[in-house]
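**Q** Structure: protein.cif, mmCIF, C-alpha atoms.
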```
data_entry
loop_
_atom_site.label_atom_id
_atom_site.label_comp_id
_atom_site.auth_asym_id
_atom_site.auth_seq_id
_atom_site.Cartn_x
_atom_site.Cartn_y
_atom_site.Cartn_z
CA MET A 1 -123.14 -67.44 -232.25
CA LYS A 2 -123.34 -63.70 -231.78
CA LYS A 3 -122.08 -61.45 -234.58
CA ASN A 4 -120.18 -58.24 -234.12
CA LEU A 5 -118.81 -55.61 -236.47
CA ILE A 6 -115.44 -54.62 -235.10
CA SER A 7 -113.03 -54.26 -238.00
CA ILE A 8 -113.09 -54.23 -241.78
CA ASN A 9 -110.23 -56.73 -241.59
CA ASP A 10 -112.63 -59.29 -240.11
CA LEU A 11 -114.76 -59.20 -243.27
CA ASP A 12 -114.30 -60.90 -246.61
CA ARG A 13 -115.92 -59.77 -249.84
CA SER A 14 -119.07 -61.81 -249.34
CA ASP A 15 -119.53 -60.31 -245.84
CA ILE A 16 -119.18 -56.81 -247.27
CA GLU A 17 -121.59 -57.55 -250.13
CA SER A 18 -124.07 -58.98 -247.66
CA PHE A 19 -124.09 -55.74 -245.62
CA LEU A 20 -124.39 -53.61 -248.76
CA SER A 21 -127.22 -55.72 -250.17
CA THR A 22 -129.16 -55.47 -246.93
CA ALA A 23 -128.74 -51.69 -247.01
CA SER A 24 -130.15 -51.70 -250.56
CA GLU A 25 -133.11 -53.82 -249.50
CA VAL A 26 -133.79 -51.49 -246.60
CA GLU A 27 -133.89 -48.47 -248.90
CA GLU A 28 -136.60 -50.20 -250.95
CA LEU A 29 -138.91 -50.49 -247.93
CA THR A 30 -141.66 -48.05 -247.24
CA GLU A 31 -141.54 -46.19 -243.94
CA ARG A 32 -144.16 -48.50 -242.52
CA GLN A 33 -142.40 -51.64 -243.68
CA ALA A 34 -139.13 -50.43 -242.20
CA ALA A 35 -140.79 -49.66 -238.87
CA ASP A 36 -141.98 -53.26 -238.68
CA VAL A 37 -138.51 -54.75 -238.93
CA LEU A 38 -137.24 -54.17 -235.37
CA PRO A 39 -140.13 -52.94 -233.23
CA GLY A 40 -139.25 -52.93 -229.56
CA TYR A 41 -135.53 -53.43 -230.14
CA VAL A 42 -133.11 -51.18 -228.26
CA LEU A 43 -129.77 -49.95 -229.55
CA SER A 44 -127.35 -48.53 -227.00
CA THR A 45 -124.54 -46.12 -227.74
CA VAL A 46 -121.48 -46.03 -225.52
CA PHE A 47 -119.60 -43.04 -226.87
CA LEU A 48 -116.53 -42.20 -224.87
CA GLU A 49 -115.59 -39.35 -227.18
CA PRO A 50 -117.76 -36.86 -229.07
CA SER A 51 -119.44 -37.77 -232.31
CA THR A 52 -122.13 -36.12 -234.37
CA ARG A 53 -122.76 -37.98 -237.56
CA THR A 54 -122.09 -41.50 -236.36
CA ARG A 55 -124.23 -41.32 -233.26
CA LEU A 56 -127.10 -39.44 -234.88
CA SER A 57 -127.21 -41.76 -237.86
CA PHE A 58 -127.30 -44.84 -235.62
CA GLU A 59 -130.11 -43.30 -233.62
CA THR A 60 -132.02 -42.55 -236.80
CA ALA A 61 -131.31 -46.03 -238.14
CA ILE A 62 -132.80 -47.90 -235.16
CA GLN A 63 -135.75 -45.52 -234.93
CA ARG A 64 -136.57 -45.98 -238.63
CA LEU A 65 -136.58 -49.73 -237.98
CA GLY A 66 -139.16 -49.27 -235.25
CA GLY A 67 -136.76 -49.52 -232.33
CA ASP A 68 -135.39 -47.12 -229.77
CA THR A 69 -132.08 -45.95 -228.45
CA ILE A 70 -130.39 -45.35 -225.12
CA ASN A 71 -127.27 -43.27 -224.96
CA LEU A 72 -124.38 -43.11 -222.55
CA ALA A 73 -123.29 -39.48 -222.56
CA GLU A 74 -119.54 -39.30 -222.11
CA GLU A 75 -119.59 -36.19 -220.02
CA VAL A 76 -121.79 -37.59 -217.28
CA SER A 77 -120.81 -41.22 -217.53
CA SER A 78 -119.92 -43.44 -214.65
CA ILE A 79 -116.48 -43.62 -216.20
CA GLU A 80 -115.90 -40.14 -214.84
CA LYS A 81 -116.53 -41.63 -211.43
CA GLY A 82 -113.85 -44.22 -211.99
CA GLU A 83 -115.80 -47.17 -213.35
CA ASN A 84 -113.87 -48.90 -216.10
CA ILE A 85 -115.12 -49.14 -219.67
CA THR A 86 -115.64 -52.87 -219.38
CA ASP A 87 -118.09 -52.59 -216.48
CA THR A 88 -119.87 -49.56 -217.89
CA GLY A 89 -120.11 -51.08 -221.33
CA LYS A 90 -121.37 -54.40 -220.00
CA VAL A 91 -124.10 -52.73 -217.98
CA VAL A 92 -125.28 -50.47 -220.80
CA ALA A 93 -125.05 -53.22 -223.39
CA GLY A 94 -127.06 -55.40 -221.05
CA TYR A 95 -129.93 -52.94 -221.26
CA SER A 96 -130.07 -53.28 -225.04
CA ASP A 97 -130.16 -55.66 -228.00
CA VAL A 98 -127.19 -54.18 -229.83
CA CYS A 99 -124.46 -51.79 -228.72
CA VAL A 100 -122.40 -49.22 -230.62
CA VAL A 101 -119.19 -48.14 -228.95
CA ARG A 102 -116.79 -45.33 -229.79
CA SER A 103 -113.61 -44.81 -227.86
CA PRO A 104 -110.25 -43.09 -228.20
CA TYR A 105 -108.60 -46.35 -227.09
CA GLU A 106 -107.87 -48.73 -229.92
CA GLY A 107 -109.33 -52.17 -229.38
CA THR A 108 -112.15 -51.08 -227.07
CA ALA A 109 -114.92 -52.45 -229.27
CA ARG A 110 -113.23 -55.84 -229.56
CA MET A 111 -112.73 -55.96 -225.82
CA LEU A 112 -116.38 -55.17 -225.19
CA ALA A 113 -117.54 -57.68 -227.78
CA GLU A 114 -115.70 -60.40 -225.86
CA ARG A 115 -117.37 -59.44 -222.63
CA THR A 116 -121.02 -58.90 -223.54
CA ASP A 117 -123.71 -61.13 -224.95
CA VAL A 118 -125.11 -58.57 -227.37
CA PRO A 119 -123.74 -57.72 -230.81
CA VAL A 120 -121.21 -54.90 -230.63
CA ILE A 121 -120.60 -52.40 -233.42
CA ASN A 122 -117.36 -50.45 -233.50
CA GLY A 123 -118.32 -46.78 -233.94
CA GLY A 124 -114.67 -45.82 -234.17
CA ASP A 125 -111.69 -46.69 -231.98
CA GLY A 126 -108.91 -44.13 -232.10
CA ALA A 127 -106.75 -44.37 -235.21
CA ASN A 128 -107.69 -48.01 -235.72
CA GLN A 129 -111.06 -48.78 -237.29
CA HIS A 130 -114.38 -47.18 -238.22
CA PRO A 131 -115.96 -50.04 -240.17
CA THR A 132 -119.44 -48.55 -240.52
CA GLN A 133 -117.91 -45.51 -242.25
CA THR A 134 -116.14 -47.81 -244.70
CA LEU A 135 -119.33 -49.73 -245.39
CA LEU A 136 -121.30 -46.56 -246.05
CA ASP A 137 -118.49 -45.36 -248.32
CA LEU A 138 -118.64 -48.61 -250.30
CA TYR A 139 -122.43 -48.43 -250.32
CA THR A 140 -122.24 -44.95 -251.81
CA ILE A 141 -119.92 -46.13 -254.57
CA ARG A 142 -122.03 -49.20 -255.34
CA LYS A 143 -125.24 -47.18 -255.31
CA GLU A 144 -123.78 -44.72 -257.80
CA PHE A 145 -122.19 -47.14 -260.24
CA GLY A 146 -124.11 -50.36 -259.59
CA LYS A 147 -120.77 -52.01 -258.88
CA ILE A 148 -117.39 -51.49 -257.26
CA ASP A 149 -115.17 -53.60 -259.53
CA GLU A 150 -113.42 -52.00 -262.51
CA LEU A 151 -113.53 -48.49 -261.10
CA LYS A 152 -110.65 -46.04 -260.86
CA ILE A 153 -110.61 -44.64 -257.34
CA GLY A 154 -108.44 -41.78 -256.13
CA MET A 155 -107.70 -41.02 -252.48
CA LEU A 156 -106.59 -37.50 -251.72
CA GLY A 157 -105.22 -35.62 -248.73
CA ASP A 158 -104.07 -37.02 -245.41
CA LEU A 159 -103.40 -40.61 -246.32
CA LYS A 160 -100.93 -41.13 -243.49
CA TYR A 161 -103.18 -40.57 -240.49
CA GLY A 162 -106.60 -40.87 -242.12
CA ARG A 163 -108.42 -43.81 -240.58
CA THR A 164 -111.10 -43.70 -243.27
CA VAL A 165 -108.73 -44.00 -246.23
CA HIS A 166 -106.73 -46.80 -244.59
CA SER A 167 -109.89 -48.78 -244.02
CA LEU A 168 -111.29 -48.00 -247.47
CA ALA A 169 -108.06 -49.13 -249.13
CA GLU A 170 -108.10 -52.38 -247.14
CA ALA A 171 -111.73 -53.01 -248.07
CA LEU A 172 -111.11 -52.24 -251.75
CA ASP A 173 -108.43 -54.92 -251.74
CA HIS A 174 -111.34 -57.36 -252.09
CA TYR A 175 -112.33 -55.74 -255.37
CA ASP A 176 -110.83 -55.36 -258.81
CA VAL A 177 -110.17 -51.62 -258.73
CA ASP A 178 -107.36 -49.24 -259.65
CA ILE A 179 -106.38 -47.04 -256.75
CA ARG A 180 -104.45 -43.79 -257.10
CA LEU A 181 -103.00 -42.12 -254.02
CA ILE A 182 -102.69 -38.33 -254.22
CA SER A 183 -101.00 -36.54 -251.34
CA PRO A 184 -98.07 -34.39 -250.30
CA GLU A 185 -94.94 -36.32 -249.35
CA GLU A 186 -95.56 -35.67 -245.65
CA THR A 187 -98.93 -37.45 -245.65
CA ARG A 188 -98.33 -40.45 -247.89
CA MET A 189 -100.22 -43.67 -247.21
CA PRO A 190 -98.26 -45.96 -244.84
CA ARG A 191 -96.05 -48.37 -246.77
CA SER A 192 -97.57 -51.36 -244.99
CA ILE A 193 -100.97 -50.63 -246.51
CA VAL A 194 -99.55 -49.76 -249.93
CA GLU A 195 -97.72 -53.10 -250.00
CA GLU A 196 -100.56 -55.11 -248.55
CA VAL A 197 -103.11 -53.76 -251.03
CA GLY A 198 -100.61 -53.63 -253.92
CA ILE A 199 -101.07 -49.97 -254.83
CA GLU A 200 -98.64 -48.75 -257.48
CA ASP A 201 -100.06 -45.39 -258.50
CA GLU A 202 -98.92 -42.63 -256.15
CA THR A 203 -98.48 -38.97 -256.94
CA ASN A 204 -98.28 -35.53 -255.41
CA LYS A 205 -100.00 -34.00 -258.43
CA MET A 206 -103.74 -33.43 -258.77
CA LYS A 207 -104.33 -36.06 -261.47
CA ILE A 208 -108.08 -36.46 -261.13
CA ASP A 209 -109.58 -36.16 -264.60
CA ASP A 210 -109.66 -39.90 -265.31
CA LEU A 211 -111.06 -41.04 -261.96
CA ASP A 212 -114.49 -42.51 -261.35
CA VAL A 213 -114.31 -41.73 -257.64
CA LEU A 214 -112.27 -39.14 -255.81
CA TYR A 215 -112.25 -39.64 -252.03
CA ALA A 216 -110.95 -36.48 -250.39
CA THR A 217 -109.78 -36.04 -246.81
CA ARG A 218 -108.61 -33.09 -244.79
CA ILE A 219 -104.89 -32.30 -244.51
CA GLN A 220 -104.44 -31.18 -240.94
CA LYS A 221 -102.07 -28.40 -240.03
CA GLU A 222 -100.86 -30.20 -236.93
CA ARG A 223 -99.35 -32.99 -239.08
CA PHE A 224 -96.76 -30.57 -240.44
CA PRO A 225 -93.87 -29.52 -238.17
CA ASP A 226 -93.13 -26.69 -240.62
CA LYS A 227 -96.20 -24.44 -240.79
CA GLN A 228 -95.01 -22.68 -243.93
CA GLU A 229 -94.70 -26.03 -245.63
CA TYR A 230 -98.29 -26.74 -244.64
CA GLU A 231 -99.47 -23.45 -246.12
CA ARG A 232 -97.67 -24.18 -249.37
CA VAL A 233 -98.93 -27.72 -249.62
CA LYS A 234 -102.47 -27.11 -248.46
CA ASP A 235 -103.37 -24.96 -251.46
CA ALA A 236 -102.09 -27.55 -253.88
CA PHE A 237 -104.76 -29.99 -252.73
CA ILE A 238 -107.80 -27.79 -252.22
CA LEU A 239 -110.74 -28.74 -254.38
CA ASP A 240 -112.41 -25.76 -255.99
CA ARG A 241 -114.85 -25.45 -258.84
CA GLU A 242 -112.14 -25.18 -261.46
CA ARG A 243 -110.42 -28.39 -260.34
CA VAL A 244 -113.55 -30.48 -259.85
CA LYS A 245 -114.97 -29.45 -263.24
CA LYS A 246 -112.02 -31.26 -264.81
CA MET A 247 -113.28 -34.54 -263.38
CA LYS A 248 -115.37 -36.83 -265.61
CA ASP A 249 -119.04 -35.82 -265.80
CA ASP A 250 -120.15 -39.16 -264.37
CA SER A 251 -117.52 -39.28 -261.64
CA ILE A 252 -118.19 -38.60 -257.96
CA LEU A 253 -116.44 -36.64 -255.24
CA MET A 254 -116.66 -38.08 -251.72
CA HIS A 255 -115.48 -36.84 -248.31
CA PRO A 256 -116.11 -38.34 -244.85
CA LEU A 257 -116.85 -34.85 -243.40
CA PRO A 258 -116.40 -32.57 -241.64
CA ARG A 259 -114.67 -30.49 -244.27
CA VAL A 260 -112.65 -27.46 -243.22
CA GLY A 261 -111.76 -25.63 -246.40
CA GLU A 262 -110.42 -28.52 -248.46
CA ILE A 263 -113.58 -28.58 -250.58
CA LYS A 264 -114.88 -25.13 -251.31
CA PRO A 265 -118.65 -24.57 -250.97
CA GLU A 266 -118.80 -23.61 -254.68
CA VAL A 267 -118.22 -27.32 -255.43
CA ASP A 268 -121.43 -28.37 -253.68
CA LYS A 269 -123.59 -27.57 -256.69
CA LEU A 270 -121.43 -29.47 -259.17
CA PRO A 271 -122.82 -32.81 -260.41
CA GLN A 272 -119.84 -34.69 -259.02
CA ALA A 273 -120.41 -33.61 -255.39
CA ARG A 274 -121.68 -36.60 -253.39
CA TYR A 275 -120.43 -35.99 -249.84
CA PHE A 276 -123.78 -35.03 -248.39
CA GLU A 277 -125.52 -37.99 -250.02
CA GLN A 278 -122.65 -40.06 -248.69
CA ALA A 279 -123.44 -38.89 -245.16
CA SER A 280 -127.14 -39.62 -245.72
CA ASN A 281 -126.27 -43.11 -246.89
CA GLY A 282 -124.99 -43.67 -243.37
CA VAL A 283 -128.56 -44.29 -242.26
CA PRO A 284 -129.52 -47.16 -244.63
CA ALA A 285 -126.01 -48.56 -244.33
CA ARG A 286 -126.31 -48.65 -240.55
CA MET A 287 -129.85 -49.97 -240.73
CA GLY A 288 -128.46 -52.82 -242.83
CA ILE A 289 -125.67 -53.44 -240.33
CA ILE A 290 -128.05 -53.59 -237.36
CA ILE A 291 -130.38 -55.96 -239.19
CA LYS A 292 -127.58 -58.30 -240.26
CA LEU A 293 -126.00 -58.46 -236.81
CA LEU A 294 -129.32 -59.20 -235.15
CA GLY A 295 -129.97 -61.93 -237.70
CA VAL A 296 -133.42 -60.57 -238.52
CA ASP A 297 -135.06 -61.33 -241.84
CA ILE A 298 -136.45 -58.20 -243.48
CA ASP A 299 -139.02 -60.18 -245.42
CA ALA A 300 -140.46 -61.99 -242.41
CA MET B 1 -65.34 -82.27 -224.93
CA PRO B 2 -65.15 -78.88 -223.27
CA ASP B 3 -65.32 -78.78 -219.44
CA LEU B 4 -68.75 -78.24 -217.96
CA LYS B 5 -68.84 -74.92 -216.22
CA VAL B 6 -71.79 -76.13 -214.16
CA SER B 7 -72.23 -79.79 -213.32
CA LYS B 8 -75.22 -81.87 -214.33
CA ILE B 9 -78.27 -81.56 -212.15
CA PRO B 10 -79.90 -84.69 -210.71
CA ASN B 11 -83.50 -83.68 -211.40
CA GLY B 12 -85.22 -80.61 -212.84
CA SER B 13 -85.24 -78.52 -215.99
CA VAL B 14 -82.51 -77.26 -218.25
CA ILE B 15 -83.30 -74.59 -220.80
CA ASP B 16 -80.56 -74.66 -223.41
CA HIS B 17 -79.91 -72.54 -226.55
CA ILE B 18 -81.32 -69.39 -225.02
CA PRO B 19 -80.20 -66.43 -227.17
CA ALA B 20 -77.33 -64.79 -225.29
CA GLY B 21 -78.57 -62.10 -222.96
CA ARG B 22 -82.05 -63.51 -222.50
CA GLY B 23 -81.27 -65.94 -219.68
CA LEU B 24 -81.72 -63.38 -216.94
CA LYS B 25 -85.16 -62.40 -218.26
CA ILE B 26 -86.24 -66.03 -218.17
CA LEU B 27 -84.90 -66.53 -214.68
CA ASN B 28 -86.78 -63.44 -213.52
CA LEU B 29 -89.92 -64.71 -215.21
CA LEU B 30 -89.70 -67.99 -213.30
CA ARG B 31 -88.91 -66.26 -210.05
CA MET B 32 -91.99 -64.06 -210.40
CA ASN B 33 -94.31 -67.07 -210.57
CA GLY B 34 -94.80 -67.94 -206.94
CA ASP B 35 -92.20 -69.33 -204.55
CA PHE B 36 -88.81 -69.90 -206.01
CA ASP B 37 -86.59 -71.63 -203.54
CA LYS B 38 -84.90 -74.14 -205.85
CA THR B 39 -81.25 -74.12 -206.77
CA ALA B 40 -80.76 -72.40 -210.10
CA SER B 41 -77.66 -71.87 -212.23
CA LEU B 42 -77.48 -69.38 -215.07
CA LEU B 43 -74.66 -69.52 -217.56
CA MET B 44 -74.30 -66.56 -219.85
CA ASN B 45 -72.53 -66.08 -223.18
CA VAL B 46 -71.46 -69.70 -223.56
CA GLU B 47 -69.86 -70.72 -226.87
CA SER B 48 -72.22 -72.81 -228.99
CA SER B 49 -71.94 -74.77 -232.20
CA LYS B 50 -75.55 -74.02 -233.10
CA MET B 51 -75.56 -70.32 -232.38
CA ASP B 52 -72.97 -67.63 -231.83
CA LYS B 53 -73.33 -67.54 -228.07
CA LYS B 54 -76.02 -68.80 -225.78
CA ASP B 55 -77.30 -68.69 -222.24
CA ILE B 56 -78.24 -71.85 -220.32
CA LEU B 57 -80.52 -72.03 -217.30
CA LYS B 58 -80.56 -75.05 -214.98
CA VAL B 59 -83.21 -75.26 -212.28
CA GLU B 60 -83.15 -78.18 -209.88
CA ASP B 61 -86.29 -80.03 -208.77
CA ARG B 62 -88.53 -77.86 -210.87
CA GLU B 63 -90.67 -78.50 -213.90
CA LEU B 64 -92.05 -75.56 -215.84
CA GLU B 65 -95.79 -75.05 -215.87
CA GLU B 66 -97.56 -74.81 -219.20
CA GLY B 67 -97.88 -71.04 -218.97
CA GLU B 68 -94.19 -70.73 -218.18
CA VAL B 69 -93.25 -72.88 -221.17
CA LYS B 70 -95.28 -70.57 -223.42
CA SER B 71 -93.66 -67.49 -221.92
CA VAL B 72 -90.18 -68.95 -222.38
CA SER B 73 -91.11 -69.81 -226.00
CA VAL B 74 -91.78 -66.12 -226.58
CA LEU B 75 -88.68 -64.82 -224.84
CA ALA B 76 -86.39 -67.46 -226.34
CA PRO B 77 -87.87 -68.96 -229.51
CA GLY B 78 -85.77 -71.88 -230.64
CA ALA B 79 -84.54 -72.73 -227.12
CA THR B 80 -84.52 -76.35 -225.97
CA LEU B 81 -86.27 -77.49 -222.80
CA ASN B 82 -84.72 -80.63 -221.27
CA ILE B 83 -86.47 -82.47 -218.43
CA ILE B 84 -83.88 -84.17 -216.23
CA ASP B 85 -84.47 -87.25 -214.09
CA ASP B 86 -81.65 -89.00 -212.28
CA TYR B 87 -79.05 -87.01 -214.22
CA LYS B 88 -80.53 -88.15 -217.55
CA VAL B 89 -82.48 -86.20 -220.15
CA VAL B 90 -85.87 -87.95 -220.19
CA GLU B 91 -87.64 -85.42 -222.37
CA LYS B 92 -86.33 -82.86 -224.82
CA LYS B 93 -88.54 -80.26 -226.43
CA ARG B 94 -87.78 -77.44 -228.85
CA LEU B 95 -89.62 -74.29 -227.86
CA ASP B 96 -90.95 -72.61 -230.97
CA LEU B 97 -92.69 -69.26 -231.05
CA PRO B 98 -96.39 -70.03 -230.53
CA GLU B 99 -98.99 -68.77 -232.99
CA LYS B 100 -100.64 -66.67 -230.32
CA ILE B 101 -98.89 -64.85 -227.52
CA GLU B 102 -101.05 -63.87 -224.58
CA SER B 103 -100.35 -62.13 -221.31
CA VAL B 104 -96.58 -62.20 -221.73
CA LEU B 105 -95.84 -59.04 -223.67
CA GLU B 106 -97.18 -55.50 -223.53
CA CYS B 107 -98.43 -53.72 -226.61
CA PRO B 108 -96.05 -50.89 -227.58
CA ASN B 109 -98.98 -48.76 -228.79
CA PRO B 110 -99.76 -46.29 -225.98
CA HIS B 111 -103.29 -45.89 -227.35
CA CYS B 112 -104.06 -49.59 -227.19
CA VAL B 113 -106.86 -50.42 -224.76
CA THR B 114 -104.58 -53.02 -223.17
CA ASN B 115 -102.45 -50.16 -221.86
CA THR B 116 -105.32 -48.59 -219.95
CA ASP B 117 -106.73 -49.59 -216.57
CA GLU B 118 -109.01 -52.15 -218.20
CA PRO B 119 -108.65 -55.72 -216.89
CA LEU B 120 -107.13 -56.93 -220.13
CA HIS B 121 -103.83 -58.42 -221.25
CA ALA B 122 -102.30 -57.84 -224.63
CA SER B 123 -102.62 -60.65 -227.13
CA PHE B 124 -100.61 -61.04 -230.32
CA GLU B 125 -100.86 -63.22 -233.36
CA VAL B 126 -97.64 -64.22 -235.08
CA THR B 127 -98.35 -63.28 -238.69
CA GLU B 128 -94.89 -64.08 -240.08
CA ARG B 129 -91.96 -66.09 -238.80
CA LYS B 130 -89.00 -65.09 -240.95
CA PRO B 131 -88.59 -62.39 -239.90
CA VAL B 132 -91.00 -62.46 -237.00
CA ALA B 133 -94.00 -60.14 -237.36
CA LEU B 134 -96.80 -59.88 -234.83
CA GLN B 135 -100.17 -58.19 -234.76
CA CYS B 136 -101.98 -56.97 -231.64
CA LYS B 137 -105.43 -58.51 -231.47
CA TYR B 138 -106.98 -55.38 -230.03
CA CYS B 139 -105.42 -52.32 -231.70
CA GLU B 140 -104.52 -54.33 -234.86
CA ARG B 141 -101.14 -52.65 -235.14
CA LYS B 142 -98.30 -54.73 -236.55
CA PHE B 143 -94.93 -55.01 -234.88
CA THR B 144 -91.55 -56.56 -235.46
CA SER B 145 -89.80 -58.67 -232.85
CA SER B 146 -87.52 -55.75 -231.97
CA ASP B 147 -90.58 -53.53 -231.31
CA LEU B 148 -91.58 -56.08 -228.68
CA ASP B 149 -88.06 -56.81 -227.50
CA ILE B 150 -88.24 -60.53 -228.28
#
```
In structure tokens, write the structure found in this file.

**A**
Amino acid sequence: MKKNLISINDLDRSDIESFLSTASEVEELTERQAADVLPGYVLSTVFLEPSTRTRLSFETAIQRLGGDTINLAEEVSSIEKGENITDTGKVVAGYSDVCVVRSPYEGTARMLAERTDVPVINGGDGANQHPTQTLLDLYTIRKEFGKIDELKIGMLGDLKYGRTVHSLAEALDHYDVDIRLISPEETRMPRSIVEEVGIEDETNKMKIDDLDVLYATRIQKERFPDKQEYERVKDAFILDRERVKKMKDDSILMHPLPRVGEIKPEVDKLPQARYFEQASNGVPARMGIIIKLLGVDIDA
Amino acid sequence: MPDLKVSKIPNGSVIDHIPAGRGLKILNLLRMNGDFDKTASLLMNVESSKMDKKDILKVEDRELEEGEVKSVSVLAPGATLNIIDDYKVVEKKRLDLPEKIESVLECPNPHCVTNTDEPLHASFEVTERKPVALQCKYCERKFTSSDLDI
């Protein structure tokens, strides 16, 4: 039966660990070994809205594995001519062995997965899911600490609308971690997630000196009806050198990028800064995802 | 025994214990499914010992199709479907909310792919029953029964 990766909520802990372990194995391969894993395989991308990091890292991932990529460019797609996503997606997926889809419409990846014979990977569907981002986030944490359990993890910024923090919180529910939510009142994590995951530590103060991981996200101006309130609040949650230096020496600072002022460039040189490595981890993480979904054995 | 406001039907279907106000929706649902030329009686806001007030729908010479039974179960969970033959109830069935609800309700999320031009109907899983909570299969958002007007 074909496997897809549509939502973090479809995965249990052993599924997550399986993806992470495959990513680890992939990173141990030499370039030549990696290129022998999926020679001749084709990955298609059906991106109905712009993306930089996700698309490029999937393209790199399949190429490192010896395969190739075909891309549906949203600006010249047949969808502009009126073809629906289902037909377009089915045709493009049919040209490939695995398909990554990104869409502003929530549920698109699941719909396409039901209608094609190839594995479908959700590259992001509106405010709903971005499971490969969550897996690379977990991979980054596990790579740094050798584990995920028993860590103290803070989530900072726009916890109300941030797809990445919602998904990360739901995934961390499978682990024995302490989560602290740090945000202004206006961008608190939705109560449904707080209750579901059982998070008790919430604050609007920058309590970060005891954390192992701080996951920062951007607070967007457009979320605040009162612009002055935004200006007041925004500065309270900016990460500069002085604030990050207060974090534990062996802690890490993550961010899904792009950043727009919420982490100052002066932080980049601090030992805690991991956001660029985090982005780089997207490649082995996605290599691992492709391999697992295609059911290929790395050692074969 | 209180007087019957509508007499017994010889053959057909009687949907009893419909939450008051829902009977018209159910009648419209049945009318939308192909030809509807049978005699139908709709009683609204009838006093009931089991519930505050109820609607009752009697349709002569008509049995509900499986899809219709599922739809009625969603619009009126807890209603009773009676199959009538020769003025007698030959089958009585309580219509409980199914575990999955497909093609009957629309997803309230405007960004859900089921609300685009894609050939796709919304599908919900009932995640809780008291009170009713449902989750859209596609956009994964969770809703209450009042969000979905059921």

**Q** Run the PyMOL selection byres ((chain A) within 6 of (chain B)) against the file shown and list the residues it catches, as a list in words.

**A**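 What the PyMOL selection byres ((chain A) within 6 of (chain B)) grabs from the file is Tyr105, Glu106, Gly107 and Thr108 of chain A.
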
**Q** Here's the selection I'm unsure about, the PyMOL selection byres ((chain B and resi 68-81) around 9); applied to the file above, which residues does it give, as a PyMOL selection string?

**A** chain B and resi 13-19+22-23+25-26+29-30+33+64-67+82-83+91-98+101-105+149-150

**Q** Export C-alpha atoms of the chosen residues as a PDB file, in the frame of the given file?

**A**
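Done, and the output landed in again-v6.pdb:
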```pdb
ATOM      1  CA  SER B  13     -85.240 -78.520-215.990  1.00  0.00           C
ATOM      2  CA  VAL B  14     -82.510 -77.260-218.250  1.00  0.00           C
ATOM      3  CA  ILE B  15     -83.300 -74.590-220.800  1.00  0.00           C
ATOM      4  CA  ASP B  16     -80.560 -74.660-223.410  1.00  0.00           C
ATOM      5  CA  HIS B  17     -79.910 -72.540-226.550  1.00  0.00           C
ATOM      6  CA  ILE B  18     -81.320 -69.390-225.020  1.00  0.00           C
ATOM      7  CA  PRO B  19     -80.200 -66.430-227.170  1.00  0.00           C
ATOM      8  CA  ARG B  22     -82.050 -63.510-222.500  1.00  0.00           C
ATOM      9  CA  GLY B  23     -81.270 -65.940-219.680  1.00  0.00           C
ATOM     10  CA  LYS B  25     -85.160 -62.400-218.260  1.00  0.00           C
ATOM     11  CA  ILE B  26     -86.240 -66.030-218.170  1.00  0.00           C
ATOM     12  CA  LEU B  29     -89.920 -64.710-215.210  1.00  0.00           C
ATOM     13  CA  LEU B  30     -89.700 -67.990-213.300  1.00  0.00           C
ATOM     14  CA  ASN B  33     -94.310 -67.070-210.570  1.00  0.00           C
ATOM     15  CA  LEU B  64     -92.050 -75.560-215.840  1.00  0.00           C
ATOM     16  CA  GLU B  65     -95.790 -75.050-215.870  1.00  0.00           C
ATOM     17  CA  GLU B  66     -97.560 -74.810-219.200  1.00  0.00           C
ATOM     18  CA  GLY B  67     -97.880 -71.040-218.970  1.00  0.00           C
ATOM     19  CA  ASN B  82     -84.720 -80.630-221.270  1.00  0.00           C
ATOM     20  CA  ILE B  83     -86.470 -82.470-218.430  1.00  0.00           C
ATOM     21  CA  GLU B  91     -87.640 -85.420-222.370  1.00  0.00           C
ATOM     22  CA  LYS B  92     -86.330 -82.860-224.820  1.00  0.00           C
ATOM     23  CA  LYS B  93     -88.540 -80.260-226.430  1.00  0.00           C
ATOM     24  CA  ARG B  94     -87.780 -77.440-228.850  1.00  0.00           C
ATOM     25  CA  LEU B  95     -89.620 -74.290-227.860  1.00  0.00           C
ATOM     26  CA  ASP B  96     -90.950 -72.610-230.970  1.00  0.00           C
ATOM     27  CA  LEU B  97     -92.690 -69.260-231.050  1.00  0.00           C
ATOM     28  CA  PRO B  98     -96.390 -70.030-230.530  1.00  0.00           C
ATOM     29  CA  ILE B 101     -98.890 -64.850-227.520  1.00  0.00           C
ATOM     30  CA  GLU B 102    -101.050 -63.870-224.580  1.00  0.00           C
ATOM     31  CA  SER B 103    -100.350 -62.130-221.310  1.00  0.00           C
ATOM     32  CA  VAL B 104     -96.580 -62.200-221.730  1.00  0.00           C
ATOM     33  CA  LEU B 105     -95.840 -59.040-223.670  1.00  0.00           C
ATOM     34  CA  ASP B 149     -88.060 -56.810-227.500  1.00  0.00           C
ATOM     35  CA  ILE B 150     -88.240 -60.530-228.280  1.00  0.00           C
TER      36      ILE B 150
END
```

**Q** Can you turn the PyMOL selection byres ((chain A and resi 133-139) around 9) into a concrete residue list for this file, as number ranges by chain?

**A** A: 8, 16, 19-21, 23-24, 54, 123-124, 130-132, 140-144, 148, 164-165, 167-168, 171-172, 254, 256, 278-279, 281-286, 289

**Q** Using only C-alpha atoms, which protein or nucleic acid residues come within 6 Å of Glu125 of chain B? Drop anything in the same chain fewer than 5 positions from it, and give the result as a list in words.

**A**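 Residues meeting the cut-off are Glu99, Lys100, Leu134 and Gln135 of chain B.
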